[in-house]
Each structure stands twice: as structure tokens, then as C-alpha cells.
>>> print(open('work22.txt').read())   # compact mmCIF, C-alpha atoms and all ligand atoms
# COMPACT_ATOMS: atom_id res chain seq x y z
CA MET R 1 2.33 2.51 -17.54
CA VAL R 2 3.90 1.73 -14.20
CA GLN R 3 5.05 4.59 -12.07
CA GLY R 4 6.69 4.23 -8.70
CA GLN R 5 6.84 7.90 -7.89
CA GLY R 6 4.35 10.63 -8.52
CA PHE R 7 4.50 14.29 -9.26
CA GLY R 8 5.53 17.17 -7.03
CA LEU R 9 4.14 16.60 -3.59
CA LEU R 10 3.96 12.83 -3.89
CA HIS R 11 7.53 12.82 -5.11
CA VAL R 12 8.61 14.49 -1.88
CA MET R 13 6.63 11.90 0.07
CA ALA R 14 8.12 9.11 -1.99
CA ASN R 15 11.66 10.20 -1.35
CA SER R 16 11.15 10.46 2.37
CA GLY R 17 9.21 7.21 2.30
CA GLU R 18 6.54 8.87 4.39
CA GLY R 19 3.63 11.27 4.10
CA VAL R 20 4.38 14.92 3.73
CA GLY R 21 4.59 16.65 7.07
CA ASP R 22 5.45 13.56 9.11
CA ALA R 23 8.15 15.50 10.90
CA ASN R 24 5.83 18.41 11.58
CA PRO R 25 2.29 17.14 11.12
CA LEU R 26 -0.45 19.46 9.97
CA PRO R 27 -3.93 19.05 11.43
CA THR R 28 -5.48 16.09 9.63
CA HIS R 29 -8.26 18.01 7.84
CA ASP R 30 -5.82 20.63 6.48
CA ALA R 31 -3.45 17.94 5.25
CA THR R 32 -6.27 15.92 3.67
CA ALA R 33 -7.58 19.01 1.86
CA MET R 34 -4.08 19.90 0.68
CA LEU R 35 -3.46 16.38 -0.60
CA ALA R 36 -6.86 16.22 -2.28
CA GLU R 37 -6.06 19.46 -4.09
CA HIS R 38 -2.70 18.08 -5.10
CA TRP R 39 -4.27 14.95 -6.60
CA GLY R 40 -6.93 17.02 -8.33
CA LYS R 41 -4.16 18.92 -10.13
CA VAL R 42 -2.29 15.72 -11.00
CA TYR R 43 -5.32 14.21 -12.72
CA GLU R 44 -6.43 17.48 -14.29
CA ASN R 45 -3.06 18.45 -15.75
CA ASN R 46 -1.60 15.14 -16.76
CA ALA R 47 -3.64 12.85 -18.99
CA THR R 48 -1.23 9.93 -18.53
CA ALA R 49 -1.89 9.95 -14.75
CA ARG R 50 -5.53 9.02 -15.46
CA THR R 51 -4.51 5.53 -16.59
CA ARG R 52 -1.30 5.17 -14.61
CA GLU R 53 -0.54 2.16 -12.41
CA TRP R 54 1.51 3.24 -9.40
CA HIS R 55 4.19 0.85 -8.11
CA CYS R 56 3.36 -2.09 -10.38
CA GLU R 57 0.97 -3.75 -12.78
CA TYR R 58 -1.57 -6.29 -11.55
CA HIS R 59 0.32 -9.23 -13.10
CA ASP R 60 3.42 -8.37 -11.03
CA VAL R 61 1.59 -9.24 -7.80
CA GLN R 62 -0.96 -11.72 -9.11
CA GLY R 63 1.18 -14.77 -8.30
CA PHE R 64 1.53 -13.79 -4.67
CA ILE R 65 -1.99 -12.56 -3.92
CA ALA R 66 -3.93 -15.18 -5.93
CA ARG R 67 -4.33 -17.82 -3.23
CA PHE R 68 -5.50 -15.24 -0.69
CA CYS R 69 -7.95 -13.57 -3.09
CA GLU R 70 -9.25 -16.95 -4.25
CA SER R 71 -10.18 -18.06 -0.76
CA ALA R 72 -11.86 -14.72 0.02
CA SER R 73 -13.84 -14.39 -3.22
CA HIS R 74 -17.40 -15.44 -4.09
CA PRO R 75 -19.87 -14.38 -6.81
CA GLU R 76 -21.74 -11.93 -4.54
CA GLY R 77 -18.54 -10.51 -3.11
CA THR R 78 -17.42 -6.89 -3.46
CA VAL R 79 -13.90 -5.77 -4.29
CA LEU R 80 -13.22 -2.30 -2.92
CA ASP R 81 -10.25 -0.26 -4.19
CA VAL R 82 -9.43 2.71 -1.92
CA GLY R 83 -7.69 5.65 -3.62
CA CYS R 84 -8.00 3.77 -6.89
CA GLY R 85 -6.99 6.64 -9.20
CA GLY R 86 -7.16 5.40 -12.80
CA SER R 87 -5.84 1.94 -11.91
CA CYS R 88 -7.35 -1.28 -13.29
CA PHE R 89 -6.22 -3.32 -10.27
CA GLY R 90 -9.76 -3.71 -8.88
CA GLU R 91 -11.20 -4.70 -12.24
CA ARG R 92 -8.51 -7.35 -12.73
CA VAL R 93 -9.07 -8.85 -9.26
CA LEU R 94 -12.84 -8.90 -9.85
CA GLY R 95 -12.41 -10.67 -13.19
CA ASP R 96 -9.79 -13.17 -12.05
CA PHE R 97 -11.53 -14.30 -8.89
CA GLY R 98 -15.17 -14.11 -9.95
CA LEU R 99 -16.40 -11.41 -7.58
CA GLY R 100 -19.75 -9.74 -8.19
CA HIS R 101 -19.26 -6.04 -7.58
CA LEU R 102 -16.51 -3.46 -8.14
CA PHE R 103 -16.43 -0.50 -5.75
CA LEU R 104 -13.96 2.22 -6.78
CA THR R 105 -13.26 5.15 -4.46
CA ASP R 106 -10.91 8.12 -4.55
CA ILE R 107 -10.66 11.48 -2.82
CA ASP R 108 -10.47 13.34 -6.14
CA PRO R 109 -13.86 14.05 -7.77
CA GLY R 110 -12.19 14.53 -11.17
CA ILE R 111 -10.81 11.01 -11.42
CA VAL R 112 -14.07 9.58 -10.07
CA GLU R 113 -15.97 11.26 -12.95
CA ILE R 114 -13.45 9.79 -15.40
CA LEU R 115 -14.00 6.32 -13.90
CA LYS R 116 -17.79 6.68 -14.12
CA ALA R 117 -17.45 7.50 -17.82
CA ARG R 118 -15.00 4.61 -18.31
CA TYR R 119 -17.38 2.03 -16.89
CA GLU R 120 -20.55 3.45 -18.42
CA THR R 121 -19.07 2.75 -21.82
CA ALA R 122 -17.07 -0.35 -20.87
CA LEU R 123 -17.63 -2.78 -23.72
CA HIS R 124 -14.48 -4.87 -23.47
CA GLU R 125 -14.65 -8.56 -22.75
CA GLY R 126 -14.90 -9.30 -19.05
CA ALA R 127 -15.90 -5.70 -18.23
CA PRO R 128 -17.52 -5.63 -14.79
CA LYS R 129 -21.32 -5.60 -14.87
CA SER R 130 -21.76 -3.97 -11.49
CA VAL R 131 -19.59 -0.96 -10.65
CA THR R 132 -19.88 1.91 -8.17
CA CYS R 133 -17.51 4.89 -8.36
CA GLU R 134 -17.59 7.26 -5.40
CA VAL R 135 -15.65 10.18 -3.98
CA MET R 136 -14.50 9.00 -0.57
CA ASP R 137 -11.80 9.68 1.99
CA CYS R 138 -10.26 6.31 2.81
CA THR R 139 -9.60 7.39 6.41
CA ASP R 140 -13.35 7.76 6.97
CA MET R 141 -15.53 5.41 4.92
CA LYS R 142 -18.68 5.58 7.04
CA SER R 143 -20.98 5.06 4.05
CA ILE R 144 -19.56 1.52 3.65
CA ALA R 145 -21.02 -1.07 6.00
CA SER R 146 -18.71 -2.96 8.33
CA ASN R 147 -17.89 -6.50 7.31
CA SER R 148 -19.13 -5.98 3.73
CA CYS R 149 -16.18 -6.34 1.33
CA ALA R 150 -14.59 -9.63 0.29
CA VAL R 151 -11.39 -8.01 -1.02
CA VAL R 152 -10.08 -4.56 -0.14
CA LEU R 153 -7.24 -3.10 -2.22
CA ASP R 154 -4.83 -0.26 -1.65
CA LYS R 155 -2.07 0.45 -4.15
CA GLY R 156 -0.09 3.57 -3.37
CA THR R 157 -2.81 5.19 -1.24
CA LEU R 158 -1.28 4.41 2.15
CA ASP R 159 1.85 6.11 0.83
CA ALA R 160 -0.14 9.17 -0.19
CA LEU R 161 -1.58 9.84 3.26
CA HIS R 162 -0.35 12.37 5.76
CA GLY R 163 1.48 11.04 8.80
CA GLU R 164 1.19 7.89 10.88
CA LYS R 165 -2.21 8.72 12.37
CA ASP R 166 -3.94 8.95 9.01
CA LYS R 167 -2.17 5.81 7.82
CA MET R 168 -3.44 3.93 10.86
CA ARG R 169 -6.97 5.35 10.40
CA MET R 170 -7.00 4.16 6.82
CA LEU R 171 -5.75 0.67 7.71
CA LEU R 172 -8.34 0.33 10.48
CA GLU R 173 -11.12 1.51 8.17
CA CYS R 174 -10.08 -1.08 5.58
CA GLY R 175 -10.16 -3.71 8.33
CA ARG R 176 -13.60 -2.56 9.47
CA VAL R 177 -15.24 -2.89 6.06
CA LEU R 178 -13.50 -6.22 5.38
CA ALA R 179 -15.73 -9.32 5.57
CA ALA R 180 -14.76 -11.92 8.18
CA SER R 181 -13.40 -14.21 5.46
CA GLY R 182 -12.00 -11.31 3.42
CA VAL R 183 -8.48 -10.20 2.53
CA PHE R 184 -6.93 -6.77 2.42
CA VAL R 185 -4.08 -6.27 -0.06
CA SER R 186 -1.87 -3.21 0.37
CA VAL R 187 0.92 -2.36 -2.08
CA SER R 188 3.24 0.36 -0.83
CA PHE R 189 6.69 1.90 -0.96
CA ALA R 190 9.33 -0.26 0.68
CA SER R 191 9.77 2.13 3.56
CA ALA R 192 11.13 0.56 6.76
CA LYS R 193 8.64 2.66 8.72
CA ARG R 194 5.76 0.98 6.91
CA VAL R 195 6.37 -2.42 8.53
CA PRO R 196 5.67 -1.49 12.18
CA VAL R 197 2.57 0.46 11.08
CA LEU R 198 1.24 -2.59 9.22
CA MET R 199 2.11 -4.85 12.14
CA GLU R 200 0.42 -2.58 14.66
CA ALA R 201 -2.71 -2.37 12.47
CA ALA R 202 -2.79 -6.16 12.07
CA LYS R 203 -2.46 -6.59 15.81
CA ARG R 204 -5.30 -4.13 16.54
CA MET R 205 -7.58 -5.77 13.97
CA ARG R 206 -6.59 -9.30 15.05
CA LEU R 207 -5.60 -10.13 11.50
CA GLN R 208 -2.62 -12.05 10.24
CA LEU R 209 -0.12 -10.15 8.15
CA ARG R 210 2.03 -11.45 5.33
CA ILE R 211 4.53 -9.21 3.54
CA LYS R 212 6.36 -9.88 0.31
CA VAL R 213 9.06 -7.65 -1.15
CA LEU R 214 8.88 -7.34 -4.92
CA GLY R 215 11.22 -5.63 -7.36
CA GLN R 216 14.17 -6.16 -9.68
CA GLY R 217 16.81 -6.71 -6.98
CA ASP R 218 18.37 -5.67 -3.71
CA PRO R 219 17.60 -2.02 -2.86
CA ARG R 220 21.09 -1.84 -1.31
CA PHE R 221 22.36 -1.82 -4.90
CA GLY R 222 19.92 0.80 -6.11
CA HIS R 223 16.98 -1.37 -7.18
CA THR R 224 13.47 -0.11 -6.57
CA VAL R 225 11.39 -2.50 -4.50
CA TYR R 226 7.90 -2.32 -3.02
CA PHE R 227 5.97 -4.14 -0.33
CA VAL R 228 2.89 -6.26 -0.94
CA ALA R 229 1.11 -6.79 2.37
CA VAL R 230 -1.83 -9.16 2.77
CA LEU R 231 -4.01 -9.05 5.88
CA GLY R 232 -6.72 -11.55 6.74
CA LYS R 233 -8.06 -13.74 9.51
CA ASP R 234 -6.49 -16.96 8.27
CA LEU R 235 -3.67 -16.70 5.74
CA GLY R 236 -2.51 -20.29 6.11
CA THR R 237 1.09 -21.30 6.65
CA ALA R 238 3.91 -18.87 6.00
CA GLY R 239 6.89 -19.67 3.83
CA THR R 240 5.26 -22.12 1.48
CA GLY R 241 4.60 -21.95 -2.24
CA THR R 242 5.64 -18.69 -3.82
CA GLY R 243 7.72 -17.63 -0.84
CA CYS R 244 6.70 -14.99 1.61
CA LEU R 245 7.43 -13.79 5.06
CA GLY R 246 4.75 -14.56 7.56
CA THR R 247 4.22 -12.51 10.64
CA GLY R 248 1.53 -13.94 12.86
CA SER R 249 -0.99 -11.53 14.33
CA GLY R 250 -0.10 -10.07 17.65
CA MET R 251 3.68 -10.29 17.29
CA ASP R 252 5.63 -7.19 18.11
CA PHE R 253 7.97 -5.84 15.50
CA ASP R 254 10.90 -5.92 17.93
CA ASN R 255 10.08 -9.44 19.01
CA ASP R 256 12.73 -11.95 17.93
CA ASP R 257 10.01 -14.51 17.26
CA LEU R 258 9.28 -13.10 13.81
CA ALA R 259 8.95 -16.03 11.44
CA TYR R 260 11.73 -15.64 8.87
CA ALA R 261 10.44 -18.58 6.92
CA SER R 262 10.77 -17.19 3.46
CA GLU R 263 11.92 -19.11 0.40
CA ASP R 264 12.18 -15.76 -1.29
CA GLU R 265 15.64 -14.27 -0.85
CA LEU R 266 14.70 -10.67 -1.59
CA THR R 267 11.87 -10.69 0.96
CA GLN R 268 13.98 -12.38 3.57
CA THR R 269 16.98 -10.09 3.03
CA VAL R 270 15.04 -6.84 3.08
CA LEU R 271 12.72 -7.67 5.98
CA THR R 272 15.61 -9.01 8.06
CA ARG R 273 17.31 -5.64 7.62
CA VAL R 274 14.11 -3.83 8.52
CA HIS R 275 13.85 -5.93 11.66
CA ARG R 276 17.51 -5.48 12.66
CA ALA R 277 18.31 -1.98 11.52
CA SER R 278 14.97 -0.31 10.69
CA SER R 279 16.30 0.16 7.18
CA VAL R 280 15.76 -1.52 3.82
CA ILE R 281 19.40 -0.99 2.85
CA GLU R 282 21.55 -1.12 6.01
CA TYR R 283 22.46 -4.30 7.88
CA ASP R 284 23.04 -2.60 11.22
CA PRO R 285 21.43 0.29 13.05
CA PRO R 286 23.36 3.56 12.67
CA SER R 287 26.16 3.92 15.23
CA LYS R 288 27.81 7.00 16.72
CA GLU R 289 30.60 6.75 14.08
CA ASP R 290 28.04 7.05 11.29
CA GLU R 291 27.10 10.55 12.39
CA LEU R 292 28.02 13.19 9.82
CA THR R 293 30.60 15.69 11.04
CA LEU R 294 32.25 18.50 9.14
CA PHE R 295 35.65 17.91 10.75
CA ASP R 296 37.22 14.91 12.43
CA GLU R 297 39.92 14.73 15.10
CA SER R 298 42.76 14.62 12.58
CA ASP R 299 41.77 18.06 11.27
CA GLY R 300 43.65 19.56 14.23
CA GLU R 301 46.94 18.13 12.96
CA TYR R 302 46.89 20.23 9.80
CA PRO R 303 48.33 23.72 9.83
C1 LIG D 1 -0.22 6.98 -5.75
S1 LIG D 1 -1.87 7.18 -6.30
C2 LIG D 1 -2.36 5.50 -6.52
C3 LIG D 1 -3.48 5.36 -7.50
C4 LIG D 1 -3.87 3.90 -7.80
N1 LIG D 1 -4.30 3.20 -6.61
C5 LIG D 1 -2.75 3.12 -8.47
O1 LIG D 1 -2.30 2.14 -7.92
O2 LIG D 1 -2.33 3.51 -9.54
C6 LIG D 1 -2.70 7.63 -4.78
C7 LIG D 1 -4.19 7.82 -4.92
O3 LIG D 1 -4.74 8.03 -3.62
C8 LIG D 1 -5.75 9.01 -3.72
N2 LIG D 1 -5.91 9.57 -2.36
C9 LIG D 1 -5.07 10.40 -1.70
N3 LIG D 1 -5.55 10.64 -0.46
C10 LIG D 1 -6.72 9.95 -0.35
C11 LIG D 1 -7.68 9.80 0.68
N4 LIG D 1 -7.55 10.42 1.85
N5 LIG D 1 -8.75 9.02 0.43
C12 LIG D 1 -8.91 8.39 -0.76
N6 LIG D 1 -8.03 8.50 -1.77
C13 LIG D 1 -6.95 9.27 -1.57
C14 LIG D 1 -5.23 9.97 -4.76
O4 LIG D 1 -6.23 10.78 -5.31
C15 LIG D 1 -4.60 9.02 -5.76
O5 LIG D 1 -5.52 8.62 -6.73
>>> encode(input="work22.txt", output="C-alpha cells")
Amino acid sequence: MVQGQGFGLLHVMANSGEGVGDANPLPTHDATAMLAEHWGKVYENNATARTREWHCEYHDVQGFIARFCESASHPEGTVLDVGCGGSCFGERVLGDFGLGHLFLTDIDPGIVEILKARYETALHEGAPKSVTCEVMDCTDMKSIASNSCAVVLDKGTLDALHGEKDKMRMLLECGRVLAASGVFVSVSFASAKRVPVLMEAAKRMRLQLRIKVLGQGDPRFGHTVYFVAVLGKDLGTAGTGTGCLGTGSGMDFDNDDLAYASEDELTQTVLTRVHRASSVIEYDPPSKEDELTLFDESDGEYP
């Protein structure tokens, strides 16, 4: 089952497009503990959450990420899924691209126990032979060696973190554990604020960034869309094949040099708006006239 928005706390985060408390950040450890407790309750109280795929199914993004995963994968390679929940995303990437080891991590011990049981008894065809399931905070993955993972995955976990600092910590940690020839795939809410964070992280890690917008249609007309970001040292040429928007490493978000070389209309439309208006739905930045007022000047003319 695909689910774009979660329960309770995540739902609040989803609607704001950002982590809870962005406006008034809590100390990181308090927020992390609060979020961990929240996710514990989600997985404990709702059986469907234990097999839920947030944002999308693997096959929805497979066409876009395949060429990047293919070039990063090898039989001894590890695929790491951070904040994996009950998702099969990691297993599907491992199977499709012939990687050797599946490393599943989540902050909630309950879902990690469920995953351990799932893979201990995994008898289905193509089930991974080598799997590790561990409780881990994706903003601090010190038990994972630097430069050790061929493919790193995040689906919905960046969205679930508290504030910009934790998001940046997580992205930098994913970059640290990524092998030199590896790729990091991050699927997240199509929040305009997400783009500069991804661009800043790519710049700091000296990685290239490619973003594709996926969904049923233009969010301006009410369609739900999500971002698929790919980060890696050498992502090839932008704008070829399946259509994508390429943003070379080191480019500033407000730099007009952004390469709008997409054959994909949805990606081009949405990211152009993000660039111009910091919005996925508006063409222009908000002006003074857009400000909400209870009364306008004509109100004075009425008795
Ligand atoms: C929206 S769900 C996504 C689950 C799964 N990746 C998917 O695509 O279906 C977010 C997941 O992030 C996990 N999470 C939240 N904060 C985390 C953290 N600091 N470190 C690791 N996992 C975290 C939650 O427990 C939850 O499983």
C-alpha cells in the first residue's frame, strides 16, 4: 500500500512540508526522542504501517533510478536503507541490481524486530541472502564505516526529521557512508524548502544532484507529487533519456545557471517554480498585495 502521509505527528509535518517544530525548534535530542516514540506507536498500533510504502512503490521510481543504481552496484556492494520502516525498497534495489548485502536501519526497535523476523523466515524467490537489521538514528550512523555503501536509500525519512539541522546531518551522514562510486537516492515530499537543503548538502559533499518530480500531475491543480533526488560523484549528462533536471554540484540555488534541461514537463514546471517563487504551486514570489487583510480600503466607503 502506498501512503503519502502518515499518522498524527507525521501528518502535521506532511502538511507543513517540514519537520515538526521547524518554526520553534526543540533541542535535537528531545525532538529525536519524541519522534522515535511517535514512530514506535505508529508501528505498534497499526498493523498496516508495518508493510506500508510511503510516497510510492519501488516500480514508480525504478525507471529513473535504474541507470544510477546500475553503475554504482556490484556483487559485494551493500544497499543501506535509512529509516526503512516496513518498506521493501532496499530489497528490490538489491535484487534488481545484484548487490550483495542488505542493511536495514530504523530508529524504532519495534519495526526492526519485525524486519528481523521477516528476513529470518524469508523463503520467497530472490530473498536476500545477507541481511542486517539494526536500530539506528540516521543523523548519527557512527557504527557504519565511511565509504562503505554502494547504494544508500531514504524514502520518507528526511521528511520525518526535525528541522533543517537534523535534515542536513542526515544527508551528510548518508554522504559519508556512501562509497566513492556510490549513489544516494532520496524520495521526499515535494516541499520547495527541500530543494535548497538538498543542493546545499550536495555542494558540501561535492556530489552532483539530480532531481525528478513524480506524481499524477501538476500540484497547482491539486495533484500530489514527490521528489526523487539522486546524489553521486558522476551522474552523467542531465536531461537525457527518461528526463530529469540536472543541477551540477556547487551551484547555488539562486544562481540563474541552473540547468533546466529536462524533457520531463512536470519536473521542469515544478522546479522552475521552486527556483523562481520558492513554491511548488505559485509562479511568482508572494507580493505585498497577496498579504491577507481583514478589511481593504473600500471598507471605509460602506456605512
Ligand atoms: C515516513 S516513514 C518511511 C518508512 C519507509 N522508508 C518507507 O518508505 O515506507 C519514516 C521512517 O523514518 C523512521 N525514522 C524517523 N526518524 C528517524 C531517525 N532519526 N533515524 C532513523 N529512522 C528514523 C521512522 O521510524 C519511519 O520508519
>>> residues_near_ligand(input="work22.txt", ligand="ligand LIG 1 (chain D)", cutoff="7 Å", atoms="all atoms listed in the file", output="PyMOL selection string")
chain R and resi 6+32+35-36+39-40+52-55+82-87+105-108+136-139+154-157+159-161
>>> closest_residue(input="work22.txt", among="R:Thr51, R:Thr272, R:Thr224, R:Ser130", to="Ser188 of chain R", atoms="only C-alpha atoms")
R:Thr224
>>> closest_atom_pairs(input="work22.txt", of="segment 118-141 of chain R", to="segment 91-95 of chain R", cutoff="12 Å", atoms="all atoms listed in the file", output="CSV")
residue,atom,partner,partner_atom,distance
R:Arg118,CA,R:Glu91,CA,11.7
R:Tyr119,CA,R:Glu91,CA,10.3
R:Ala122,CA,R:Glu91,CA,11.3
R:His124,CA,R:Glu91,CA,11.7
R:Glu125,CA,R:Gly95,CA,10.0
R:Gly126,CA,R:Gly95,CA,6.5
R:Ala127,CA,R:Glu91,CA,7.7
R:Pro128,CA,R:Glu91,CA,6.9
R:Lys129,CA,R:Gly95,CA,10.4
R:Ser130,CA,R:Leu94,CA,10.3
R:Val131,CA,R:Glu91,CA,9.3
R:Thr132,CA,R:Glu91,CA,11.6
>>> atom_distance(input="work22.txt", atom1="atom CA of Ser279 of chain R", atom2="atom CA of Ala192 of chain R")
5.2 Å
>>> residues_around(input="work22.txt", residues="Leu99 of chain R", least_positions_apart="2", cutoff="9 Å", atoms="only C-alpha atoms", output="MDAnalysis selection string")
chainID R and resid 73:79 93:97 101:102 150:151
>>> residues_near_point(input="work22.txt", point="(-3.6, 13.6, 9.7)", cutoff="6 Å", atoms="all atoms listed in the file", output="ChimeraX atom specification")
/R:27-28,162-163,165-166
>>> atom_distance(input="work22.txt", atom1="atom CA of Val135 of chain R", atom2="atom CA of Val230 of chain R")
24.7 Å
>>> atom_distance(input="work22.txt", atom1="atom CA of Arg220 of chain R", atom2="atom CA of Val270 of chain R")
9.0 Å
>>> closest_residue(input="work22.txt", among="R:Ala72, R:Gly90, R:Cys174, R:Phe64", to="Ala145 of chain R", atoms="all atoms listed in the file")
R:Cys174
>>> axis_aligned_box(input="work22.txt", around="segment 125-142 of chain R", padding_each_side="6 Å", output="lines of an AutoDock Vina configuration file")
center_x = -15.7
center_y = 0.4
center_z = -7.9
size_x = 24.2
size_y = 31.5
size_z = 41.8
>>> closest_residue(input="work22.txt", among="R:Val280, R:Ile211, R:Ala202, R:Leu271", to="Val61 of chain R", atoms="only C-alpha atoms")
R:Ile211
>>> closest_residue(input="work22.txt", among="R:Ser146, R:Thr121, R:Ser191, R:Thr48", to="Glu173 of chain R", atoms="only C-alpha atoms")
R:Ser146
>>> closest_residue(input="work22.txt", among="R:Leu158, R:Val185, R:Ala190, R:Val195", to="Arg67 of chain R", atoms="all atoms listed in the file")
R:Val185
>>> closest_residue(input="work22.txt", among="R:Cys133, R:Cys56, R:Val274, R:Met199", to="Val112 of chain R", atoms="only C-alpha atoms")
R:Cys133
